[in-house]
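Participant: Just passing along the structure, written as structure tokens.
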Amino acid sequence: MAKFNVPNLDVLKVHRGWEDWFLIGLGGLLLLTPALVPGEMPPPVLYSALSVGVVVMVMALFEIALKGRWEEIIQFVLGVWLAASIFVLDYGIASELRALHFAIGALVALIAAFEFWQDSLKKS
């Protein structure tokens with residue numbers, strides 16, 4: 001009978017520093033998205049993008065310094081909000097940002113959920 005070599009996936013169970021730096025980069029990218037729109041961005045979209053970007057970056061910095069679990073919960077909620085906001089807010093002339101905001105929101109939520117899973121394995 002043939003034996004299958006299954007790769008060791010324990011490496012996924014350890015919280016790495018690049019995940020937090022990636023979230024800082026996503027928050028920074030989100031702060032730059034208003035500059036991609038020619039003309040004036042609708043205020044709700046502008047305020048949502050800027051506030052989510054800043055809070056995601058600050059939570060990632062807290063995660064680097066404090067190693068808590070609450071930062072991931074906040075980042076997950078913000079990522080889900082950003083992805084859902086393309087359906088809730090009127091993007092108007094900024095409609096080309098819908099796909100970018102959805103992608104950034106989905107990535108933030110996915111990385112936050114992944115980090116929360118890693119931290120829950122470590123705490124138990």
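Chain labels follow the order of the structure tokens: the first chain is A, the next B, and so on; residue numbering restarts at 1 in every chain, and ligands are counted from 1 in their shown order.
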Can you tell me, as number ranges by chain, what residues are no more than 12 Å from segment 71-85 of chain A when counting only C-alpha atoms, ignoring any on the same chain fewer than 6 positions away?
Facilitator: A: 15, 19-20, 23-24, 26-27, 30, 44-65, 91, 95, 97-120
Participant: Taking the DSSP secondary structure from the backbone, can you list the residues of chain A that are helix (DSSP H, G or I), as a VMD selection string?
Facilitator: chain A and resid 9 to 13 17 to 36 43 to 66 70 to 88 92 to 94 97 to 123
Participant: With a distance cut-off of 9 Å and only C-alpha atoms, select the neighbouring residues of Met41 of chain A, excluding the residue or stretch itself and same-chain residues fewer than 6 positions from it, and output the selection as a list in words.
Facilitator: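 The neighbour list is Pro34, Tyr91, Gly92, Ile93 and Ala94 of chain A.
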